[in-house]
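S.K.: Next up, model.pdb (PDB, C-alpha atoms).
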```pdb
MODEL        1
ATOM      1  CA  MET M   1     -90.439-157.160 158.659  1.00  0.00           C
ATOM      2  CA  LYS M   2     -91.231-156.334 162.247  1.00  0.00           C
ATOM      3  CA  VAL M   3     -89.202-153.488 163.658  1.00  0.00           C
ATOM      4  CA  GLN M   4     -88.872-152.304 167.248  1.00  0.00           C
ATOM      5  CA  VAL M   5     -87.733-148.780 168.032  1.00  0.00           C
ATOM      6  CA  LEU M   6     -86.746-148.018 171.618  1.00  0.00           C
ATOM      7  CA  VAL M   7     -86.772-144.294 172.322  1.00  0.00           C
ATOM      8  CA  ARG M   8     -85.071-143.087 175.490  1.00  0.00           C
ATOM      9  CA  LEU M   9     -84.436-139.702 177.020  1.00  0.00           C
ATOM     10  CA  LYS M  10     -80.745-138.837 176.874  1.00  0.00           C
ATOM     11  CA  ALA M  11     -78.739-139.370 180.070  1.00  0.00           C
ATOM     12  CA  GLY M  12     -78.674-135.759 181.242  1.00  0.00           C
ATOM     13  CA  VAL M  13     -82.328-135.040 180.597  1.00  0.00           C
ATOM     14  CA  LEU M  14     -84.660-135.000 183.602  1.00  0.00           C
ATOM     15  CA  ASP M  15     -87.127-137.863 183.314  1.00  0.00           C
ATOM     16  CA  VAL M  16     -90.193-136.686 185.192  1.00  0.00           C
ATOM     17  CA  GLN M  17     -92.205-139.781 184.361  1.00  0.00           C
ATOM     18  CA  GLY M  18     -89.336-141.988 185.486  1.00  0.00           C
ATOM     19  CA  LYS M  19     -89.087-140.125 188.776  1.00  0.00           C
ATOM     20  CA  ALA M  20     -92.827-140.487 189.322  1.00  0.00           C
ATOM     21  CA  VAL M  21     -92.646-144.222 188.711  1.00  0.00           C
ATOM     22  CA  GLU M  22     -89.610-144.509 190.988  1.00  0.00           C
ATOM     23  CA  HIS M  23     -91.372-142.718 193.829  1.00  0.00           C
ATOM     24  CA  GLY M  24     -94.506-144.722 193.209  1.00  0.00           C
ATOM     25  CA  LEU M  25     -92.618-147.999 193.442  1.00  0.00           C
ATOM     26  CA  GLN M  26     -90.726-146.896 196.558  1.00  0.00           C
ATOM     27  CA  GLY M  27     -94.001-145.777 198.077  1.00  0.00           C
ATOM     28  CA  ILE M  28     -95.385-149.303 197.899  1.00  0.00           C
ATOM     29  CA  GLY M  29     -92.279-150.848 199.380  1.00  0.00           C
ATOM     30  CA  PHE M  30     -89.871-151.445 196.528  1.00  0.00           C
ATOM     31  CA  ASN M  31     -86.812-149.802 198.032  1.00  0.00           C
ATOM     32  CA  GLU M  32     -84.235-151.849 196.142  1.00  0.00           C
ATOM     33  CA  ILE M  33     -84.641-149.895 192.909  1.00  0.00           C
ATOM     34  CA  ALA M  34     -82.803-146.995 191.304  1.00  0.00           C
ATOM     35  CA  ASN M  35     -82.480-145.024 188.095  1.00  0.00           C
ATOM     36  CA  VAL M  36     -85.959-145.604 186.736  1.00  0.00           C
ATOM     37  CA  ARG M  37     -86.311-144.219 183.231  1.00  0.00           C
ATOM     38  CA  VAL M  38     -89.430-144.302 181.103  1.00  0.00           C
ATOM     39  CA  GLY M  39     -89.174-144.300 177.342  1.00  0.00           C
ATOM     40  CA  LYS M  40     -91.246-145.187 174.315  1.00  0.00           C
ATOM     41  CA  LEU M  41     -91.536-148.467 172.500  1.00  0.00           C
ATOM     42  CA  VAL M  42     -92.639-148.108 168.881  1.00  0.00           C
ATOM     43  CA  GLU M  43     -93.333-151.336 167.027  1.00  0.00           C
ATOM     44  CA  LEU M  44     -94.246-151.481 163.365  1.00  0.00           C
ATOM     45  CA  GLU M  45     -94.155-153.614 160.258  1.00  0.00           C
ATOM     46  CA  ILE M  46     -92.099-152.347 157.348  1.00  0.00           C
ATOM     47  CA  SER M  47     -92.318-153.842 153.874  1.00  0.00           C
ATOM     48  CA  ALA M  48     -88.695-154.118 152.846  1.00  0.00           C
ATOM     49  CA  GLY M  49     -86.451-156.343 150.782  1.00  0.00           C
ATOM     50  CA  GLY M  50     -84.373-157.297 153.768  1.00  0.00           C
ATOM     51  CA  GLU M  51     -83.196-156.434 157.226  1.00  0.00           C
ATOM     52  CA  GLU M  52     -80.736-153.841 155.994  1.00  0.00           C
ATOM     53  CA  GLU M  53     -83.423-151.951 154.088  1.00  0.00           C
ATOM     54  CA  ALA M  54     -85.975-152.139 156.930  1.00  0.00           C
ATOM     55  CA  ARG M  55     -83.397-150.838 159.353  1.00  0.00           C
ATOM     56  CA  SER M  56     -82.431-147.935 157.126  1.00  0.00           C
ATOM     57  CA  LYS M  57     -86.084-146.983 156.634  1.00  0.00           C
ATOM     58  CA  ALA M  58     -86.650-147.118 160.390  1.00  0.00           C
ATOM     59  CA  GLU M  59     -83.586-144.931 160.876  1.00  0.00           C
ATOM     60  CA  GLU M  60     -85.097-142.357 158.513  1.00  0.00           C
ATOM     61  CA  MET M  61     -88.441-142.489 160.348  1.00  0.00           C
ATOM     62  CA  CYS M  62     -86.656-141.842 163.625  1.00  0.00           C
ATOM     63  CA  GLN M  63     -84.879-138.822 162.227  1.00  0.00           C
ATOM     64  CA  LYS M  64     -87.980-137.396 160.580  1.00  0.00           C
ATOM     65  CA  LEU M  65     -90.725-138.092 163.093  1.00  0.00           C
ATOM     66  CA  LEU M  66     -90.290-140.607 165.886  1.00  0.00           C
ATOM     67  CA  VAL M  67     -87.447-139.088 167.842  1.00  0.00           C
ATOM     68  CA  ASN M  68     -86.587-135.658 169.156  1.00  0.00           C
ATOM     69  CA  PRO M  69     -82.801-135.710 168.710  1.00  0.00           C
ATOM     70  CA  ILE M  70     -82.269-132.864 171.151  1.00  0.00           C
ATOM     71  CA  ILE M  71     -83.456-134.862 174.135  1.00  0.00           C
ATOM     72  CA  GLU M  72     -83.815-138.442 172.921  1.00  0.00           C
ATOM     73  CA  ASN M  73     -81.724-141.395 171.757  1.00  0.00           C
ATOM     74  CA  TYR M  74     -83.006-144.391 169.886  1.00  0.00           C
ATOM     75  CA  GLU M  75     -82.207-148.011 169.239  1.00  0.00           C
ATOM     76  CA  ILE M  76     -83.584-150.045 166.321  1.00  0.00           C
ATOM     77  CA  ARG M  77     -84.150-153.791 166.465  1.00  0.00           C
ATOM     78  CA  THR M  78     -85.428-155.937 163.614  1.00  0.00           C
ATOM     79  CA  ILE M  79     -87.390-159.056 164.440  1.00  0.00           C
ATOM     80  CA  SER M  80     -87.539-161.571 161.556  1.00  0.00           C
TER
ATOM     81  CA  MET Z   1     -79.131-155.636 187.813  1.00  0.00           C
ATOM     82  CA  LYS Z   2     -80.570-153.653 184.929  1.00  0.00           C
ATOM     83  CA  VAL Z   3     -84.088-154.618 184.000  1.00  0.00           C
ATOM     84  CA  GLN Z   4     -86.129-153.622 180.970  1.00  0.00           C
ATOM     85  CA  VAL Z   5     -89.913-153.798 181.035  1.00  0.00           C
ATOM     86  CA  LEU Z   6     -91.737-153.516 177.720  1.00  0.00           C
ATOM     87  CA  VAL Z   7     -95.384-152.599 178.189  1.00  0.00           C
ATOM     88  CA  ARG Z   8     -97.705-153.025 175.225  1.00  0.00           C
ATOM     89  CA  LEU Z   9    -101.401-152.532 174.673  1.00  0.00           C
ATOM     90  CA  LYS Z  10    -103.136-155.888 174.178  1.00  0.00           C
ATOM     91  CA  ALA Z  11    -103.911-156.877 170.602  1.00  0.00           C
ATOM     92  CA  GLY Z  12    -107.595-155.974 170.596  1.00  0.00           C
ATOM     93  CA  VAL Z  13    -107.177-152.586 172.267  1.00  0.00           C
ATOM     94  CA  LEU Z  14    -107.327-149.509 170.052  1.00  0.00           C
ATOM     95  CA  ASP Z  15    -103.949-147.804 170.043  1.00  0.00           C
ATOM     96  CA  VAL Z  16    -104.702-144.147 169.383  1.00  0.00           C
ATOM     97  CA  GLN Z  17    -101.079-143.074 169.700  1.00  0.00           C
ATOM     98  CA  GLY Z  18    -100.006-145.830 167.320  1.00  0.00           C
ATOM     99  CA  LYS Z  19    -102.607-144.734 164.775  1.00  0.00           C
ATOM    100  CA  ALA Z  20    -101.431-141.136 165.041  1.00  0.00           C
ATOM    101  CA  VAL Z  21     -97.828-142.169 164.455  1.00  0.00           C
ATOM    102  CA  GLU Z  22     -98.890-144.386 161.553  1.00  0.00           C
ATOM    103  CA  HIS Z  23    -100.787-141.561 159.874  1.00  0.00           C
ATOM    104  CA  GLY Z  24     -97.957-139.155 160.575  1.00  0.00           C
ATOM    105  CA  LEU Z  25     -95.425-141.460 158.944  1.00  0.00           C
ATOM    106  CA  GLN Z  26     -97.671-142.096 155.951  1.00  0.00           C
ATOM    107  CA  GLY Z  27     -98.253-138.374 155.640  1.00  0.00           C
ATOM    108  CA  ILE Z  28     -94.553-137.773 155.102  1.00  0.00           C
ATOM    109  CA  GLY Z  29     -94.233-140.518 152.515  1.00  0.00           C
ATOM    110  CA  PHE Z  30     -93.645-143.753 154.427  1.00  0.00           C
ATOM    111  CA  ASN Z  31     -96.334-145.866 152.800  1.00  0.00           C
ATOM    112  CA  GLU Z  32     -94.628-149.210 153.308  1.00  0.00           C
ATOM    113  CA  ILE Z  33     -95.594-149.443 156.974  1.00  0.00           C
ATOM    114  CA  ALA Z  34     -98.406-151.116 158.897  1.00  0.00           C
ATOM    115  CA  ASN Z  35     -99.562-152.020 162.388  1.00  0.00           C
ATOM    116  CA  VAL Z  36     -97.805-149.275 164.283  1.00  0.00           C
ATOM    117  CA  ARG Z  37     -98.162-149.740 168.040  1.00  0.00           C
ATOM    118  CA  VAL Z  38     -96.779-147.479 170.711  1.00  0.00           C
ATOM    119  CA  GLY Z  39     -95.942-148.860 174.118  1.00  0.00           C
ATOM    120  CA  LYS Z  40     -93.873-147.982 177.144  1.00  0.00           C
ATOM    121  CA  LEU Z  41     -90.286-148.853 177.911  1.00  0.00           C
ATOM    122  CA  VAL Z  42     -89.480-148.844 181.613  1.00  0.00           C
ATOM    123  CA  GLU Z  43     -85.843-149.342 182.531  1.00  0.00           C
ATOM    124  CA  LEU Z  44     -84.594-149.618 186.066  1.00  0.00           C
ATOM    125  CA  GLU Z  45     -81.903-151.016 188.283  1.00  0.00           C
ATOM    126  CA  ILE Z  46     -82.903-153.585 190.858  1.00  0.00           C
ATOM    127  CA  SER Z  47     -80.617-154.698 193.680  1.00  0.00           C
ATOM    128  CA  ALA Z  48     -81.063-158.435 193.685  1.00  0.00           C
ATOM    129  CA  GLY Z  49     -79.079-161.575 194.393  1.00  0.00           C
ATOM    130  CA  GLY Z  50     -79.430-162.796 190.845  1.00  0.00           C
ATOM    131  CA  GLU Z  51     -81.371-162.705 187.617  1.00  0.00           C
ATOM    132  CA  GLU Z  52     -84.146-164.906 188.953  1.00  0.00           C
ATOM    133  CA  GLU Z  53     -84.761-162.607 191.930  1.00  0.00           C
ATOM    134  CA  ALA Z  54     -84.591-159.404 189.850  1.00  0.00           C
ATOM    135  CA  ARG Z  55     -87.061-160.866 187.391  1.00  0.00           C
ATOM    136  CA  SER Z  56     -89.488-161.899 190.088  1.00  0.00           C
ATOM    137  CA  LYS Z  57     -89.337-158.445 191.703  1.00  0.00           C
ATOM    138  CA  ALA Z  58     -89.934-156.816 188.322  1.00  0.00           C
ATOM    139  CA  GLU Z  59     -92.882-159.146 187.804  1.00  0.00           C
ATOM    140  CA  GLU Z  60     -94.353-157.973 191.126  1.00  0.00           C
ATOM    141  CA  MET Z  61     -93.802-154.299 190.196  1.00  0.00           C
ATOM    142  CA  CYS Z  62     -95.632-154.873 186.926  1.00  0.00           C
ATOM    143  CA  GLN Z  63     -98.592-156.403 188.706  1.00  0.00           C
ATOM    144  CA  LYS Z  64     -98.738-153.741 191.397  1.00  0.00           C
ATOM    145  CA  LEU Z  65     -97.975-150.541 189.507  1.00  0.00           C
ATOM    146  CA  LEU Z  66     -96.402-150.568 186.075  1.00  0.00           C
ATOM    147  CA  VAL Z  67     -99.023-152.381 184.056  1.00  0.00           C
ATOM    148  CA  ASN Z  68    -102.761-152.151 183.665  1.00  0.00           C
ATOM    149  CA  PRO Z  69    -103.591-155.833 183.158  1.00  0.00           C
ATOM    150  CA  ILE Z  70    -106.981-155.094 181.625  1.00  0.00           C
ATOM    151  CA  ILE Z  71    -105.510-153.450 178.556  1.00  0.00           C
ATOM    152  CA  GLU Z  72    -101.770-154.123 178.685  1.00  0.00           C
ATOM    153  CA  ASN Z  73     -99.269-156.949 178.369  1.00  0.00           C
ATOM    154  CA  TYR Z  74     -95.684-156.861 179.520  1.00  0.00           C
ATOM    155  CA  GLU Z  75     -92.347-158.471 178.843  1.00  0.00           C
ATOM    156  CA  ILE Z  76     -89.406-158.422 181.242  1.00  0.00           C
ATOM    157  CA  ARG Z  77     -85.776-158.542 180.120  1.00  0.00           C
ATOM    158  CA  THR Z  78     -82.784-158.617 182.390  1.00  0.00           C
ATOM    159  CA  ILE Z  79     -79.547-157.075 181.148  1.00  0.00           C
ATOM    160  CA  SER Z  80     -76.315-158.206 182.840  1.00  0.00           C
TER
ENDMDL
END
```
Output the file's structure as structure tokens, nothing else.

M.R.:
Amino acid sequence: MKVQVLVRLKAGVLDVQGKAVEHGLQGIGFNEIANVRVGKLVELEISAGGEEEARSKAEEMCQKLLVNPIIENYEIRTIS
Amino acid sequence: MKVQVLVRLKAGVLDVQGKAVEHGLQGIGFNEIANVRVGKLVELEISAGGEEEARSKAEEMCQKLLVNPIIENYEIRTIS
């Protein structure tokens, strides 16, 4: 089962990369933008009996390796 | 309008970060995984008259700054 993990910096955490992208975009004329945030997209295949199991494994991976819970949030999506 | 841009390395391109994550996960006992790929998640707010316009601006930002078309693909999602 294909699983997508979206990892984002928590709301209060300064997103330096996001700021750089925001300034970069404004610098080339995109002034109608705001609140740019840059996160990680981790995609993987998990052998699991079903969606429930794949999701719970992904959850465990997030807690053990993929995410820094002090500064990051995550969202798990399963794709067929 | 909130826009999500998912940036992924193209299929043939070696994903060093993905490999590192894959080995890391396997090293702590997750052997049921494969094809780990790490990409970027760019989220931003775009002032636009509608979804169509926001999407087309995001498309332009991808082509001009956010994406390296030689090695990366992108997907744009609009959220409300």

S.K.: Carefully work through the ChimeraX specification (/Z :<10) & /M for this structure and note down the residues it includes, as a PyMOL selection string.

M.R.: chain M and resi 1-8+17-18+21-22+24-25+28-48+54+57-58+60-62+64-66

S.K.: If you measure from atom CA of Glu52 of chain Z to atom CA of Pro69 of chain Z, what distance in Å do you get, rounded to one decimal?

M.R.: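 Going from atom CA of Glu52 of chain Z over to atom CA of Pro69 of chain Z, I get 22.2 Å.
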
S.K.: Atom CA of Val67 of chain Z to atom CA of Leu9 of chain M: how many Å, to one decimal?

M.R.: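 So the two atoms, atom CA of Val67 of chain Z and atom CA of Leu9 of chain M, lie 20.6 Å apart.
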
S.K.: Here's a check: after a least-squares fit over all in-order C-alpha atoms, write chain M in the frame of chain Z, as a PDB file with C-alpha atoms, keeping the file's coordinate frame.

M.R.:
```pdb
ATOM      1  CA  MET M   1     -79.140-155.622 187.804  1.00  0.00           C
ATOM      2  CA  LYS M   2     -80.562-153.652 184.926  1.00  0.00           C
ATOM      3  CA  VAL M   3     -84.087-154.609 183.996  1.00  0.00           C
ATOM      4  CA  GLN M   4     -86.136-153.623 180.958  1.00  0.00           C
ATOM      5  CA  VAL M   5     -89.916-153.811 181.022  1.00  0.00           C
ATOM      6  CA  LEU M   6     -91.739-153.519 177.705  1.00  0.00           C
ATOM      7  CA  VAL M   7     -95.386-152.603 178.180  1.00  0.00           C
ATOM      8  CA  ARG M   8     -97.710-153.024 175.213  1.00  0.00           C
ATOM      9  CA  LEU M   9    -101.407-152.541 174.666  1.00  0.00           C
ATOM     10  CA  LYS M  10    -103.138-155.882 174.184  1.00  0.00           C
ATOM     11  CA  ALA M  11    -103.920-156.898 170.595  1.00  0.00           C
ATOM     12  CA  GLY M  12    -107.596-155.948 170.583  1.00  0.00           C
ATOM     13  CA  VAL M  13    -107.169-152.589 172.263  1.00  0.00           C
ATOM     14  CA  LEU M  14    -107.318-149.496 170.053  1.00  0.00           C
ATOM     15  CA  ASP M  15    -103.931-147.796 170.045  1.00  0.00           C
ATOM     16  CA  VAL M  16    -104.685-144.147 169.392  1.00  0.00           C
ATOM     17  CA  GLN M  17    -101.069-143.078 169.707  1.00  0.00           C
ATOM     18  CA  GLY M  18    -100.014-145.829 167.323  1.00  0.00           C
ATOM     19  CA  LYS M  19    -102.606-144.734 164.785  1.00  0.00           C
ATOM     20  CA  ALA M  20    -101.428-141.135 165.061  1.00  0.00           C
ATOM     21  CA  VAL M  21     -97.834-142.170 164.459  1.00  0.00           C
ATOM     22  CA  GLU M  22     -98.893-144.381 161.548  1.00  0.00           C
ATOM     23  CA  HIS M  23    -100.790-141.551 159.881  1.00  0.00           C
ATOM     24  CA  GLY M  24     -97.955-139.169 160.596  1.00  0.00           C
ATOM     25  CA  LEU M  25     -95.432-141.465 158.947  1.00  0.00           C
ATOM     26  CA  GLN M  26     -97.696-142.100 155.951  1.00  0.00           C
ATOM     27  CA  GLY M  27     -98.257-138.373 155.662  1.00  0.00           C
ATOM     28  CA  ILE M  28     -94.555-137.775 155.096  1.00  0.00           C
ATOM     29  CA  GLY M  29     -94.266-140.520 152.525  1.00  0.00           C
ATOM     30  CA  PHE M  30     -93.652-143.740 154.408  1.00  0.00           C
ATOM     31  CA  ASN M  31     -96.340-145.852 152.786  1.00  0.00           C
ATOM     32  CA  GLU M  32     -94.641-149.206 153.304  1.00  0.00           C
ATOM     33  CA  ILE M  33     -95.595-149.440 156.974  1.00  0.00           C
ATOM     34  CA  ALA M  34     -98.404-151.113 158.892  1.00  0.00           C
ATOM     35  CA  ASN M  35     -99.569-152.019 162.372  1.00  0.00           C
ATOM     36  CA  VAL M  36     -97.801-149.276 164.279  1.00  0.00           C
ATOM     37  CA  ARG M  37     -98.172-149.746 168.017  1.00  0.00           C
ATOM     38  CA  VAL M  38     -96.780-147.480 170.698  1.00  0.00           C
ATOM     39  CA  GLY M  39     -95.953-148.848 174.112  1.00  0.00           C
ATOM     40  CA  LYS M  40     -93.866-147.979 177.134  1.00  0.00           C
ATOM     41  CA  LEU M  41     -90.288-148.852 177.893  1.00  0.00           C
ATOM     42  CA  VAL M  42     -89.477-148.840 181.606  1.00  0.00           C
ATOM     43  CA  GLU M  43     -85.834-149.336 182.513  1.00  0.00           C
ATOM     44  CA  LEU M  44     -84.590-149.608 186.069  1.00  0.00           C
ATOM     45  CA  GLU M  45     -81.877-151.015 188.276  1.00  0.00           C
ATOM     46  CA  ILE M  46     -82.903-153.582 190.856  1.00  0.00           C
ATOM     47  CA  SER M  47     -80.620-154.694 193.667  1.00  0.00           C
ATOM     48  CA  ALA M  48     -81.055-158.444 193.673  1.00  0.00           C
ATOM     49  CA  GLY M  49     -79.062-161.571 194.378  1.00  0.00           C
ATOM     50  CA  GLY M  50     -79.418-162.795 190.839  1.00  0.00           C
ATOM     51  CA  GLU M  51     -81.354-162.701 187.625  1.00  0.00           C
ATOM     52  CA  GLU M  52     -84.125-164.900 188.958  1.00  0.00           C
ATOM     53  CA  GLU M  53     -84.744-162.612 191.925  1.00  0.00           C
ATOM     54  CA  ALA M  54     -84.584-159.403 189.850  1.00  0.00           C
ATOM     55  CA  ARG M  55     -87.046-160.852 187.390  1.00  0.00           C
ATOM     56  CA  SER M  56     -89.484-161.895 190.090  1.00  0.00           C
ATOM     57  CA  LYS M  57     -89.312-158.449 191.699  1.00  0.00           C
ATOM     58  CA  ALA M  58     -89.933-156.816 188.323  1.00  0.00           C
ATOM     59  CA  GLU M  59     -92.889-159.139 187.804  1.00  0.00           C
ATOM     60  CA  GLU M  60     -94.345-157.964 191.120  1.00  0.00           C
ATOM     61  CA  MET M  61     -93.792-154.306 190.179  1.00  0.00           C
ATOM     62  CA  CYS M  62     -95.640-154.875 186.923  1.00  0.00           C
ATOM     63  CA  GLN M  63     -98.595-156.407 188.700  1.00  0.00           C
ATOM     64  CA  LYS M  64     -98.735-153.738 191.387  1.00  0.00           C
ATOM     65  CA  LEU M  65     -97.970-150.541 189.508  1.00  0.00           C
ATOM     66  CA  LEU M  66     -96.394-150.569 186.069  1.00  0.00           C
ATOM     67  CA  VAL M  67     -99.018-152.366 184.044  1.00  0.00           C
ATOM     68  CA  ASN M  68    -102.764-152.150 183.657  1.00  0.00           C
ATOM     69  CA  PRO M  69    -103.589-155.838 183.154  1.00  0.00           C
ATOM     70  CA  ILE M  70    -106.972-155.083 181.628  1.00  0.00           C
ATOM     71  CA  ILE M  71    -105.505-153.441 178.553  1.00  0.00           C
ATOM     72  CA  GLU M  72    -101.772-154.123 178.684  1.00  0.00           C
ATOM     73  CA  ASN M  73     -99.272-156.969 178.374  1.00  0.00           C
ATOM     74  CA  TYR M  74     -95.690-156.878 179.506  1.00  0.00           C
ATOM     75  CA  GLU M  75     -92.354-158.481 178.826  1.00  0.00           C
ATOM     76  CA  ILE M  76     -89.399-158.440 181.237  1.00  0.00           C
ATOM     77  CA  ARG M  77     -85.780-158.551 180.112  1.00  0.00           C
ATOM     78  CA  THR M  78     -82.762-158.602 182.404  1.00  0.00           C
ATOM     79  CA  ILE M  79     -79.531-157.087 181.169  1.00  0.00           C
ATOM     80  CA  SER M  80     -76.451-158.273 183.113  1.00  0.00           C
TER      81      SER M  80
END
```

S.K.: Within 9 Å of (-108.1, -156.2, 178.8) in the file's own coordinates, which protein, DNA or RNA residues have an atom, counting all atoms listed in the file? List them as a PyMOL selection string.

M.R.: chain Z and resi 9-10+12-13+68-73

S.K.: Can you measure atom CA of Ser56 of chain Z to atom CA of Ile76 of chain Z for me? One decimal in Å is fine.

M.R.: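 Taking atom CA of Ser56 of chain Z as the start and atom CA of Ile76 of chain Z as the end point, the length is 9.5 Å.
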
S.K.: Put the listed atoms of segment 65-78 of chain Z in a box along x, y and z with 3 Å added on every side and give me the centre and edge lengths in Å to one decimal, as lines of an AutoDock Vina configuration file.

M.R.:
```
center_x = -94.9
center_y = -154.6
center_z = 183.9
size_x = 30.2
size_y = 14.1
size_z = 17.1
```

S.K.: Return the single residue from Z:Leu14, Z:Gln26, Z:Glu75, Z:Ser80 that is closest to Glu59 of chain Z, with distances computed using all atoms listed in the file.

M.R.: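 With all atoms listed in the file as the atom set, the closest residue is Z:Glu75.
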